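Coordinates from input-v1.json are shown below (JSON, C-alpha atoms).
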[["chain", "number", "residue", "atom", "x", "y", "z"],
["A", 13, "MET", "CA", 77.13, 64.83, 208.27],
["A", 14, "HIS", "CA", 79.81, 66.66, 206.31],
["A", 15, "SER", "CA", 77.93, 69.04, 203.97],
["A", 16, "VAL", "CA", 74.54, 67.61, 204.88],
["A", 17, "MET", "CA", 75.12, 69.98, 207.80],
["A", 18, "LYS", "CA", 74.33, 72.86, 205.44],
["A", 19, "PHE", "CA", 70.67, 71.77, 205.42],
["A", 20, "PRO", "CA", 69.96, 72.35, 209.14],
["A", 21, "GLN", "CA", 72.17, 75.43, 208.93],
["A", 22, "ALA", "CA", 69.91, 76.84, 206.20],
["A", 23, "LEU", "CA", 66.81, 76.19, 208.31],
["A", 24, "TYR", "CA", 68.46, 78.10, 211.13],
["A", 25, "VAL", "CA", 69.32, 80.96, 208.75],
["A", 26, "ALA", "CA", 65.65, 81.13, 207.73],
["A", 27, "ASN", "CA", 64.72, 81.49, 211.39],
["A", 28, "TYR", "CA", 67.45, 84.09, 211.95],
["A", 29, "LEU", "CA", 66.46, 86.26, 208.99],
["A", 30, "SER", "CA", 62.81, 86.12, 210.04],
["A", 31, "ARG", "CA", 63.60, 87.11, 213.64],
["A", 32, "LYS", "CA", 65.88, 89.95, 212.58],
["A", 33, "GLY", "CA", 63.49, 91.30, 209.94],
["A", 34, "LEU", "CA", 66.06, 90.80, 207.20],
["A", 35, "ASP", "CA", 65.17, 90.10, 203.58],
["A", 36, "LEU", "CA", 66.69, 87.43, 201.39],
["A", 37, "ASP", "CA", 67.82, 90.25, 199.08],
["A", 38, "ASP", "CA", 69.74, 92.03, 201.85],
["A", 39, "THR", "CA", 73.47, 91.86, 201.21],
["A", 40, "ILE", "CA", 76.81, 91.50, 202.94],
["A", 41, "VAL", "CA", 80.12, 92.62, 201.45],
["A", 42, "VAL", "CA", 82.65, 89.84, 200.93],
["A", 43, "ASP", "CA", 86.38, 90.28, 200.40],
["A", 44, "LYS", "CA", 87.76, 87.40, 198.37],
["A", 45, "ALA", "CA", 91.07, 87.63, 200.23],
["A", 46, "ASP", "CA", 89.27, 86.66, 203.45],
["A", 47, "LEU", "CA", 87.84, 83.45, 202.00],
["A", 48, "MET", "CA", 89.31, 79.95, 202.10],
["A", 49, "GLN", "CA", 91.10, 79.48, 198.79],
["A", 50, "ASP", "CA", 91.88, 75.74, 198.76],
["A", 51, "THR", "CA", 88.39, 74.38, 199.36],
["A", 52, "TRP", "CA", 85.31, 73.51, 197.32],
["A", 53, "SER", "CA", 83.92, 76.96, 196.57],
["A", 54, "PRO", "CA", 82.37, 77.84, 193.17],
["A", 55, "MET", "CA", 81.82, 81.41, 194.42],
["A", 56, "LEU", "CA", 85.57, 82.07, 194.14],
["A", 57, "LYS", "CA", 85.15, 82.16, 190.36],
["A", 58, "LEU", "CA", 82.45, 84.81, 190.53],
["A", 59, "PHE", "CA", 84.50, 87.82, 191.55],
["A", 60, "GLU", "CA", 87.81, 89.49, 192.35],
["A", 61, "GLY", "CA", 88.38, 91.90, 195.21],
["A", 62, "LYS", "CA", 85.14, 92.71, 197.01],
["A", 63, "LYS", "CA", 81.56, 91.84, 196.09],
["A", 64, "ALA", "CA", 78.15, 92.14, 197.73],
["A", 65, "PHE", "CA", 76.32, 88.83, 198.11],
["A", 66, "SER", "CA", 72.68, 88.58, 199.16],
["A", 67, "TYR", "CA", 71.57, 86.02, 201.73],
["A", 68, "ALA", "CA", 69.65, 84.38, 198.89],
["A", 69, "GLU", "CA", 72.83, 83.99, 196.85],
["A", 70, "LEU", "CA", 74.74, 82.55, 199.80],
["A", 71, "LEU", "CA", 71.96, 80.04, 200.50],
["A", 72, "GLU", "CA", 71.81, 79.02, 196.84],
["A", 73, "LEU", "CA", 75.59, 78.52, 196.76],
["A", 74, "SER", "CA", 75.62, 76.61, 200.06],
["A", 75, "LEU", "CA", 72.67, 74.34, 199.30],
["A", 76, "GLY", "CA", 72.69, 74.07, 195.52],
["A", 77, "GLN", "CA", 76.44, 73.84, 194.99],
["A", 78, "SER", "CA", 77.62, 72.92, 198.51],
["A", 79, "ASP", "CA", 79.95, 75.94, 198.56],
["A", 80, "ASN", "CA", 82.06, 75.82, 201.73],
["A", 81, "ASN", "CA", 82.82, 79.55, 201.78],
["A", 82, "ALA", "CA", 79.13, 80.41, 201.43],
["A", 83, "SER", "CA", 78.39, 78.20, 204.42],
["A", 84, "GLU", "CA", 81.22, 79.79, 206.40],
["A", 85, "LEU", "CA", 79.85, 83.26, 205.65],
["A", 86, "LEU", "CA", 76.43, 82.17, 206.93],
["A", 87, "PHE", "CA", 78.15, 80.99, 210.11],
["A", 88, "LYS", "CA", 79.92, 84.35, 210.40],
["A", 89, "PHE", "CA", 76.94, 86.63, 209.77],
["A", 90, "CYS", "CA", 73.98, 84.61, 211.05],
["A", 91, "GLY", "CA", 75.12, 82.34, 213.87],
["A", 92, "LYS", "CA", 77.76, 79.92, 215.11],
["A", 93, "PRO", "CA", 77.27, 76.14, 215.37],
["A", 94, "GLN", "CA", 75.87, 76.31, 218.91],
["A", 95, "SER", "CA", 73.08, 78.63, 217.71],
["A", 96, "ILE", "CA", 72.12, 76.16, 214.97],
["A", 97, "GLU", "CA", 72.15, 73.22, 217.36],
["A", 98, "LYS", "CA", 70.00, 75.19, 219.82],
["A", 99, "CYS", "CA", 67.52, 75.87, 217.01],
["A", 100, "MET", "CA", 67.38, 72.15, 216.21],
["A", 101, "ARG", "CA", 66.64, 71.36, 219.86],
["A", 102, "LYS", "CA", 63.75, 73.85, 219.89],
["A", 103, "LEU", "CA", 62.31, 72.09, 216.85],
["A", 104, "GLY", "CA", 62.56, 68.74, 218.67],
["A", 105, "PHE", "CA", 65.63, 67.27, 216.97],
["A", 106, "HIS", "CA", 68.05, 65.97, 219.58],
["A", 107, "ASP", "CA", 70.34, 63.75, 217.47],
["A", 108, "ILE", "CA", 71.62, 66.52, 215.21],
["A", 109, "HIS", "CA", 74.93, 67.86, 216.50],
["A", 110, "ILE", "CA", 76.65, 70.86, 214.93],
["A", 111, "ARG", "CA", 79.88, 71.86, 216.63],
["A", 112, "MET", "CA", 82.30, 72.89, 213.85],
["A", 113, "THR", "CA", 82.32, 75.64, 211.22],
["A", 114, "GLU", "CA", 83.62, 75.02, 207.69],
["A", 115, "GLU", "CA", 86.83, 76.87, 208.52],
["A", 116, "GLN", "CA", 87.41, 74.78, 211.65],
["A", 117, "MET", "CA", 86.91, 71.56, 209.68],
["A", 118, "HIS", "CA", 89.17, 72.88, 206.92],
["A", 119, "LYS", "CA", 91.97, 73.50, 209.43],
["A", 120, "ASN", "CA", 91.50, 70.14, 211.16],
["A", 121, "PRO", "CA", 89.64, 67.57, 209.00],
["A", 122, "ALA", "CA", 89.51, 65.13, 211.93],
["A", 123, "LYS", "CA", 87.06, 67.52, 213.61],
["A", 124, "ALA", "CA", 84.49, 66.98, 210.84],
["A", 125, "ILE", "CA", 83.01, 64.01, 212.74],
["A", 126, "GLU", "CA", 81.81, 66.42, 215.44],
["A", 127, "ASN", "CA", 79.06, 67.54, 213.05],
["A", 128, "ASN", "CA", 76.96, 64.40, 213.11],
["A", 129, "SER", "CA", 73.47, 62.98, 213.09],
["A", 130, "THR", "CA", 71.72, 59.67, 212.75],
["A", 131, "PRO", "CA", 70.24, 59.16, 209.29],
["A", 132, "ALA", "CA", 66.86, 58.65, 210.98],
["A", 133, "GLU", "CA", 67.02, 62.14, 212.50],
["A", 134, "ILE", "CA", 67.82, 63.70, 209.13],
["A", 135, "VAL", "CA", 64.83, 61.84, 207.69],
["A", 136, "ARG", "CA", 62.70, 63.37, 210.45],
["A", 137, "LEU", "CA", 64.10, 66.83, 209.66],
["A", 138, "PHE", "CA", 63.23, 66.48, 206.00],
["A", 139, "GLY", "CA", 59.75, 65.42, 207.06],
["A", 140, "TRP", "CA", 59.44, 68.58, 209.16],
["A", 141, "PHE", "CA", 60.72, 70.67, 206.25],
["A", 142, "TYR", "CA", 58.16, 69.14, 203.87],
["A", 143, "GLN", "CA", 55.36, 70.05, 206.26],
["A", 144, "HIS", "CA", 56.60, 73.62, 206.82],
["A", 145, "LYS", "CA", 58.14, 74.60, 203.47],
["A", 146, "ASN", "CA", 55.38, 77.12, 202.77],
["A", 147, "ASP", "CA", 55.28, 78.67, 206.25],
["A", 148, "ASN", "CA", 57.28, 81.71, 205.15],
["A", 149, "PRO", "CA", 59.24, 83.00, 202.12],
["A", 150, "TYR", "CA", 62.57, 81.97, 203.63],
["A", 151, "LEU", "CA", 61.65, 78.29, 203.90],
["A", 152, "THR", "CA", 60.04, 78.34, 200.46],
["A", 153, "PHE", "CA", 63.24, 79.78, 199.01],
["A", 154, "ILE", "CA", 65.35, 77.09, 200.68],
["A", 155, "TRP", "CA", 63.04, 74.42, 199.24],
["A", 156, "LYS", "CA", 63.54, 75.78, 195.72],
["A", 157, "ALA", "CA", 67.31, 76.00, 196.23],
["A", 158, "MET", "CA", 67.43, 72.33, 197.21],
["A", 159, "VAL", "CA", 65.28, 71.32, 194.25],
["A", 160, "ASN", "CA", 68.06, 72.76, 192.11],
["A", 161, "CYS", "CA", 70.90, 70.98, 193.93],
["A", 162, "SER", "CA", 73.62, 70.21, 191.38],
["A", 163, "THR", "CA", 75.86, 68.01, 193.54],
["A", 164, "GLY", "CA", 75.76, 64.24, 193.98],
["A", 165, "LEU", "CA", 73.93, 63.46, 190.75],
["A", 166, "LYS", "CA", 75.43, 59.95, 190.79],
["A", 167, "ARG", "CA", 74.03, 59.28, 194.26],
["A", 168, "ILE", "CA", 70.29, 59.12, 195.08],
["A", 169, "PRO", "CA", 69.32, 61.04, 191.88],
["A", 170, "ALA", "CA", 70.86, 58.20, 189.83],
["A", 171, "ALA", "CA", 68.52, 55.69, 191.49],
["A", 172, "ILE", "CA", 65.18, 57.40, 190.91],
["A", 173, "PRO", "CA", 62.88, 57.16, 187.86],
["A", 174, "VAL", "CA", 63.41, 59.68, 185.07],
["A", 175, "ASP", "CA", 60.12, 61.44, 185.82],
["A", 176, "ALA", "CA", 60.74, 61.63, 189.58],
["A", 177, "ARG", "CA", 61.99, 64.75, 191.39],
["A", 178, "ILE", "CA", 64.29, 65.06, 194.37],
["A", 179, "VAL", "CA", 64.94, 67.71, 197.02],
["A", 180, "HIS", "CA", 68.24, 66.74, 198.65],
["A", 181, "LYS", "CA", 71.58, 67.64, 200.20],
["A", 182, "THR", "CA", 74.83, 65.78, 199.81],
["A", 183, "GLY", "CA", 77.88, 65.51, 202.01],
["A", 184, "THR", "CA", 81.42, 64.40, 201.18],
["A", 185, "GLY", "CA", 84.29, 63.83, 203.58],
["A", 186, "PHE", "CA", 87.98, 64.47, 203.19],
["A", 187, "PRO", "CA", 89.75, 61.77, 201.11],
["A", 188, "SER", "CA", 91.93, 59.21, 202.84],
["A", 189, "SER", "CA", 95.38, 58.13, 201.66],
["A", 190, "LYS", "CA", 93.61, 55.28, 199.86],
["A", 191, "GLY", "CA", 91.33, 57.67, 197.99],
["A", 192, "GLU", "CA", 88.27, 56.66, 200.02],
["A", 193, "GLN", "CA", 85.78, 59.23, 201.34],
["A", 194, "ASP", "CA", 82.72, 59.39, 203.54],
["A", 195, "MET", "CA", 79.78, 60.03, 201.21],
["A", 196, "ASN", "CA", 76.26, 61.04, 202.17],
["A", 197, "ASP", "CA", 73.00, 61.96, 200.51],
["A", 198, "ALA", "CA", 69.62, 62.71, 202.02],
["A", 199, "GLY", "CA", 66.36, 64.06, 200.70],
["A", 200, "ILE", "CA", 62.77, 63.68, 199.57],
["A", 201, "ILE", "CA", 61.94, 61.80, 196.38],
["A", 202, "PHE", "CA", 58.68, 62.61, 194.59],
["A", 203, "MET", "CA", 57.55, 59.72, 192.42],
["A", 204, "PRO", "CA", 55.62, 60.12, 189.15],
["A", 205, "ASN", "CA", 52.56, 58.48, 190.76],
["A", 206, "GLY", "CA", 52.34, 61.25, 193.37],
["A", 207, "SER", "CA", 53.87, 59.33, 196.28],
["A", 208, "HIS", "CA", 57.05, 60.41, 198.04],
["A", 209, "ALA", "CA", 59.82, 58.84, 200.07],
["A", 210, "ILE", "CA", 62.41, 60.35, 202.40],
["A", 211, "ILE", "CA", 65.83, 58.69, 202.40],
["A", 212, "ALA", "CA", 69.09, 59.44, 204.22],
["A", 213, "ILE", "CA", 72.17, 57.39, 203.39],
["A", 214, "PHE", "CA", 75.48, 57.96, 205.22],
["A", 215, "THR", "CA", 78.49, 55.88, 204.18],
["A", 216, "THR", "CA", 82.05, 55.80, 205.52],
["A", 217, "HIS", "CA", 85.26, 55.12, 203.58],
["A", 218, "SER", "CA", 83.33, 54.71, 200.35],
["A", 219, "SER", "CA", 85.13, 54.08, 197.09],
["A", 220, "SER", "CA", 82.37, 55.33, 194.80],
["A", 221, "GLU", "CA", 79.16, 57.38, 194.69],
["A", 222, "THR", "CA", 77.46, 54.38, 193.11],
["A", 223, "VAL", "CA", 77.41, 52.74, 196.55],
["A", 224, "ILE", "CA", 74.77, 55.27, 197.60],
["A", 225, "ALA", "CA", 72.86, 54.84, 194.35],
["A", 226, "ASN", "CA", 72.74, 51.07, 194.84],
["A", 227, "ILE", "CA", 71.51, 51.40, 198.43],
["A", 228, "ALA", "CA", 68.85, 53.89, 197.31],
["A", 229, "ARG", "CA", 67.61, 51.47, 194.63],
["A", 230, "GLN", "CA", 67.27, 48.72, 197.23],
["A", 231, "LEU", "CA", 65.36, 51.01, 199.60],
["A", 232, "LEU", "CA", 63.01, 52.24, 196.87],
["A", 233, "ALA", "CA", 62.33, 48.66, 195.78],
["A", 234, "GLN", "CA", 61.04, 47.68, 199.23]]
Hey, can you dump this file as structure tokens for me?
Amino acid sequence: MHSVMKFPQALYVANYLSRKGLDLDDTIVVDKADLMQDTWSPMLKLFEGKKAFSYAELLELSLGQSDNNASELLFKFCGKPQSIEKCMRKLGFHDIHIRMTEEQMHKNPAKAIENNSTPAEIVRLFGWFYQHKNDNPYLTFIWKAMVNCSTGLKRIPAAIPVDARIVHKTGTGFPSSKGEQDMNDAGIIFMPNGSHAIIAIFTTHSSSETVIANIARQLLAQ
């Protein structure tokens, strides 16, 4: 899954905050020195020393900008991979496997494949999310954060009509010696005519984001 993993993680965080009676505006104090420095992490530019981040801010960074440190902090303060996988099982999703944190993948990129899913299961999860997005403020917030996703604009977003909208999450693997990377994108497309489609595209050893865009165009044309 690579960073598509941050989508089921966010759904787990919504469940965790609800169970613990925590608000999205509640904060945790983050010391920049404790964060991974050589990883994709826009939050590193936001502060020096220590800073309080709300759960809402961490979710926005993780989902909207695919920030690896934000995801790692959600692992640290809300629940480890096994807790997220257990949550997925309770919801009825048995092909979503989350075994590694961002820090563990960062230390050993080969372990990234242990966070995996079939594209069909991610499609099912997006379908569940669409049906339940207004069940509570946490899920509604996550929906809005994913509407504003700024990553992967050359992937599925490049294949949809100008007036369409998309709620999605991307994933990108570690580059190989040949410059190739696993590239993923999954989400819900809302067409101008009111219809919608859910698509999940996982590619391995891809040379370009346009591969996903081309596949998405073919799927939408069917």
- Message: Ranking A:Asp79, A:Asp197, A:Asp35, A:Glu97 by minimum distance to A:Leu23 and counting all atoms listed in the file, which one comes first?
- Response: A:Glu97
- Starting from the point (76.3, 72.3, 203.2), work out which residues of protein, DNA or RNA have an atom no more than 10 Å away when counting all atoms listed in the file; state them as a ChimeraX atom specification. /A:13-22,71,73-84,114,181-184
- Between A:Ala212, A:Ile200, A:Ile96, A:Leu137, which has the minimum distance to A:Tyr28 (counting only C-alpha atoms)?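 Once distances to A:Tyr28 are computed over only C-alpha atoms, the minimum belongs to A:Ile96.
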- Query: How would you write as a list in words the residues that get within 12 Å of (87.8, 53.5, 199.7) in the file's frame, counting only C-alpha atoms?
  - Reply: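 The requested residues, written out, are Gly185, Phe186, Pro187, Ser188, Ser189, Lys190, Gly191, Glu192, Gln193, Asp194, Met195, Thr215, Thr216, His217, Ser218, Ser219, Ser220, Glu221 and Val223 of chain A.
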- What is the atom CA of A:Met55 to atom CA of A:Asn120 distance in Å? 22.4 Å
- Query: Can you tell me how far atom CA of A:Glu72 sits from atom CA of A:Phe153, in Å to one decimal?
  - Reply: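 Computed distance, atom CA of A:Glu72 to atom CA of A:Phe153, equals 8.9 Å.
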- Task: May I ask which of the residues A:Phe87, A:Lys102, A:Ile213, A:Lys57 is the closest one to A:Pro131, counting only C-alpha atoms?
- Result: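 Result for the nearest residue to A:Pro131: A:Ile213.
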- Which one of A:Met48, A:Ile110, A:Ala68, A:Leu103 sits closest to A:His144 if you count all atoms listed in the file?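 Going through A:Met48, A:Ile110, A:Ala68, A:Leu103 one by one, the smallest distance to A:His144 is for A:Leu103.
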Closest contacts (stretch 141-209 of chain A/stretch 224-233 of chain A, max 12 Å, only C-alpha atoms) as a tab-separated table:
residue	atom	partner	partner_atom	distance
A:Gly164	CA	A:Ile224	CA	9.7
A:Leu165	CA	A:Ala225	CA	9.4
A:Lys166	CA	A:Ala225	CA	6.7
A:Arg167	CA	A:Ala225	CA	4.6
A:Ile168	CA	A:Ala225	CA	5.0
A:Pro169	CA	A:Ala225	CA	7.6
A:Ala170	CA	A:Ala225	CA	6.0
A:Ala171	CA	A:Ala225	CA	5.3
A:Ile172	CA	A:Arg229	CA	7.4
A:Pro173	CA	A:Arg229	CA	10.0
A:Thr182	CA	A:Ile224	CA	10.7
A:Gly183	CA	A:Ile224	CA	11.6
A:Thr184	CA	A:Ile224	CA	11.8
A:Asp194	CA	A:Ile224	CA	10.7
A:Met195	CA	A:Ile224	CA	7.8
A:Asn196	CA	A:Ile224	CA	7.5
A:Asp197	CA	A:Ile224	CA	7.5
A:Ala198	CA	A:Ala228	CA	10.0
A:Gly199	CA	A:Ala228	CA	11.0
A:Ile200	CA	A:Ala228	CA	11.7
A:Ile201	CA	A:Leu232	CA	9.6
A:Phe202	CA	A:Leu232	CA	11.5
A:Met203	CA	A:Leu232	CA	10.3
A:Ser207	CA	A:Leu232	CA	11.6
A:His208	CA	A:Leu232	CA	10.2
A:Ala209	CA	A:Leu232	CA	8.0
